Amino acid sequence: MKKVIATVLLPLVAFRLFAKSKKVGGQAIIEGVMMRHRQNVSWAVRKTNGEVVVEQFPFQSVAAKNHFWRAPVARGAANLYESMVLGYKALSRSAEIAIEEERSDRGETVDPAKRKLGDSITAAISLVGSLLIGIGLFMYLPMWILSHYIPRNSALEFNFFAGSIRITLFLAYLLIISRWKDMRRVFEYHGAEHKAIFTYEDDKELTVENMRPYTTLHPRCGTSFLLLVALICILLFSIVDAVVIRFIGPYPNVAMRLVVHLLLVPAVAGTSYEILRLSDRYRRLPVVGALILPGLWLQKITTRPPDDGQLEIAARALKAVV
């Protein structure tokens, strides 16, 4: 079951903003929180017996090794990949901690080598399966539906309605998983993560008392980013499709259009990253505040008010990296 939760959460692991200076990024995981600050990553996970497992390790971004990946847009594409890798690693590890405890409670003994191999195979299958489902549901399905109603030589109209369907499916996905009891626990940890980050960025001590008053809605949240990605997709896909149709001709089938759009995902991620950075920097301007409101509203689905125990977990994860 814990592995299933990790798989279901993968579409929400597409992005986290890990900015420089005091800004940190994080992610809710199974009964815990993952945090990243500069060149360190940590997570804190609470077992059912109350014990808290805190693990920390260094992580050097590709941007620190190569100047190309520090350039605007390129850094967003790199961040997308790194966030996916770290996010799924954190989810898988939190699931492993829970599974290990369940095995221990049942008195089961498994050879460590076989267990590691089995867990690796399961994780790989889950990752590939969830990626295929995500691409099929949020990318291919809207395009396949519209291919029956909109001419093949359409660019703006096709992508506008494909984007609308994509956003609708994403909202439905969030609403459905939010009704799952175990998923609501993850969303509570998501709220705790945001409160911890707000507290740290305000130079306050990471105590439960200091964290409680803050909102669970954060302008740099990955949920807001995913909504922004959907909107950028409409614009960028329309421009590229118009160029392809003008100089090469209409796409012969949906699969070919899908391949082109998938190749554009890094550019979409990079552009969305830059826009989100700007919106965070100037969020106190009235016009910018109005533009980021839809993303904050969306977080009302993916965050829940945490209890004190969850706030403590978020604080411990953040303390391990700062």
# chains A, B, ... in the order shown; residues from 1 in each chain; ligands from 1
$ residues_around --residues "A:Glu55" --least-positions-apart "5" --cutoff "7 Å" --atoms "only C-alpha atoms" --output "JSON, numbers by chain"
{"A": [42, 43, 44]}
$ write_last_selection --atoms "N, CA and C atoms" --output "PDB file, in the first residue's frame"
ATOM      1  N   SER A  42      17.563  16.198   3.166  1.00  0.00           N
ATOM      2  CA  SER A  42      17.240  15.374   4.332  1.00  0.00           C
ATOM      3  C   SER A  42      15.769  15.023   4.311  1.00  0.00           C
ATOM      4  N   TRP A  43      15.422  14.002   5.074  1.00  0.00           N
ATOM      5  CA  TRP A  43      14.008  13.709   5.317  1.00  0.00           C
ATOM      6  C   TRP A  43      13.847  13.156   6.724  1.00  0.00           C
ATOM      7  N   ALA A  44      12.691  13.427   7.276  1.00  0.00           N
ATOM      8  CA  ALA A  44      12.326  12.914   8.595  1.00  0.00           C
ATOM      9  C   ALA A  44      11.024  12.146   8.435  1.00  0.00           C
TER      10      ALA A  44
END
$ residues_around --residues "A:Tyr81" --least-positions-apart "3" --cutoff "10 Å" --atoms "only C-alpha atoms" --output "JSON, numbers by chain"
{"A": [14, 15, 76, 77, 78, 84, 85, 86, 87, 266, 269]}
$ select_by_dssp --residues "stretch 60-230 of chain A" --states "alpha helix (DSSP H)" --output "JSON, numbers by chain"
{"A": [74, 75, 76, 77, 78, 79, 80, 81, 82, 83, 84, 85, 86, 87, 88, 89, 90, 91, 92, 93, 94, 95, 96, 97, 98, 99, 100, 101, 102, 103, 104, 105, 112, 113, 114, 115, 116, 117, 118, 119, 120, 121, 122, 123, 124, 125, 126, 127, 128, 129, 130, 131, 132, 133, 134, 135, 141, 142, 143, 144, 145, 146, 156, 157, 158, 159, 160, 161, 162, 163, 164, 165, 166, 167, 168, 169, 170, 171, 172, 173, 174, 175, 176, 177, 178, 181, 182, 183, 184, 185, 186, 187, 188, 189, 190, 191, 192, 193, 194, 195, 196, 197, 198, 199, 200, 201, 208, 209, 210, 211, 222, 223, 224, 225, 226, 227, 228, 229, 230]}
$ residues_around --residues "stretch 253-263 of chain A" --least-positions-apart "2" --cutoff "7 Å" --atoms "only C-alpha atoms" --output "ChimeraX atom specification"
/A:140,143-144,237,251,265
$ write_last_selection --atoms "N, CA and C atoms" --output "compact mmCIF listing (two decimals), in the first residue's frame"
# COMPACT_ATOMS: atom_id res chain seq x y z
N TYR A 140 -1.50 12.23 -23.74
CA TYR A 140 -2.04 11.56 -24.93
C TYR A 140 -3.57 11.62 -24.98
N MET A 143 -5.20 14.79 -26.36
CA MET A 143 -4.89 14.93 -27.78
C MET A 143 -5.68 13.93 -28.62
N TRP A 144 -5.83 12.72 -28.11
CA TRP A 144 -6.58 11.69 -28.84
C TRP A 144 -8.06 12.08 -28.95
N PHE A 237 3.25 24.99 -27.10
CA PHE A 237 2.83 23.94 -28.04
C PHE A 237 2.14 24.56 -29.26
N TYR A 251 0.38 17.16 -38.69
CA TYR A 251 0.88 15.91 -38.09
C TYR A 251 0.12 14.73 -38.67
N VAL A 265 9.00 19.44 -23.38
CA VAL A 265 8.78 19.50 -21.93
C VAL A 265 9.90 20.23 -21.19
$ closest_residue --among "A:Ala155, A:Leu206, A:Leu146, A:Leu80" --to "A:Ala317" --atoms "only C-alpha atoms"
A:Leu206
$ residues_around --residues "stretch 307-309 of chain A" --least-positions-apart "2" --cutoff "10 Å" --atoms "only C-alpha atoms" --output "ChimeraX atom specification"
/A:46,50,188-189,191-192,207-209,211-212,304-305,311-315
$ write_last_selection --atoms "N, CA and C atoms" --output "tab-separated table (two decimals), in the first residue's frame"
chain	number	residue	atom	x	y	z
A	46	ARG	N	8.20	9.56	10.54
A	46	ARG	CA	7.77	9.01	11.83
A	46	ARG	C	7.19	7.62	11.65
A	50	GLY	N	6.20	5.81	17.00
A	50	GLY	CA	6.59	7.14	17.46
A	50	GLY	C	8.04	7.50	17.17
A	188	GLU	N	-1.41	16.79	4.87
A	188	GLU	CA	-1.16	17.47	6.15
A	188	GLU	C	0.34	17.71	6.33
A	189	TYR	N	1.14	16.74	5.95
A	189	TYR	CA	2.59	16.94	6.01
A	189	TYR	C	3.02	18.01	5.00
A	191	GLY	N	1.28	20.66	4.32
A	191	GLY	CA	1.03	21.91	5.04
A	191	GLY	C	2.10	22.19	6.07
A	192	ALA	N	2.57	21.15	6.76
A	192	ALA	CA	3.64	21.31	7.75
A	192	ALA	C	4.93	21.76	7.08
A	207	THR	N	10.28	26.15	16.01
A	207	THR	CA	9.51	25.51	17.08
A	207	THR	C	8.07	25.38	16.63
A	208	VAL	N	7.36	24.45	17.24
A	208	VAL	CA	5.96	24.24	16.89
A	208	VAL	C	5.16	25.51	17.13
A	209	GLU	N	5.44	26.20	18.23
A	209	GLU	CA	4.71	27.43	18.55
A	209	GLU	C	4.90	28.50	17.47
A	211	MET	N	5.67	27.96	14.33
A	211	MET	CA	5.20	27.48	13.03
A	211	MET	C	3.68	27.53	12.89
A	212	ARG	N	2.97	27.34	13.99
A	212	ARG	CA	1.50	27.23	13.93
A	212	ARG	C	0.81	28.37	13.20
A	304	ARG	N	-3.29	20.47	3.96
A	304	ARG	CA	-4.26	20.40	5.06
A	304	ARG	C	-3.58	20.93	6.32
A	305	PRO	N	-4.33	21.47	7.26
A	305	PRO	CA	-3.72	21.93	8.51
A	305	PRO	C	-3.06	20.76	9.24
A	311	LEU	N	4.17	19.05	12.47
A	311	LEU	CA	5.02	20.25	12.47
A	311	LEU	C	6.41	19.92	13.00
A	312	GLU	N	6.47	19.07	14.02
A	312	GLU	CA	7.75	18.67	14.58
A	312	GLU	C	8.58	17.92	13.55
A	313	ILE	N	7.95	17.06	12.77
A	313	ILE	CA	8.66	16.30	11.73
A	313	ILE	C	9.24	17.25	10.69
A	314	ALA	N	8.44	18.22	10.24
A	314	ALA	CA	8.91	19.19	9.25
A	314	ALA	C	10.08	19.99	9.79
A	315	ALA	N	10.00	20.37	11.07
A	315	ALA	CA	11.09	21.14	11.68
A	315	ALA	C	12.37	20.32	11.76
$ atom_distance --atom1 "atom CA of A:Lys195" --atom2 "atom CA of A:Thr303"
10.7 Å
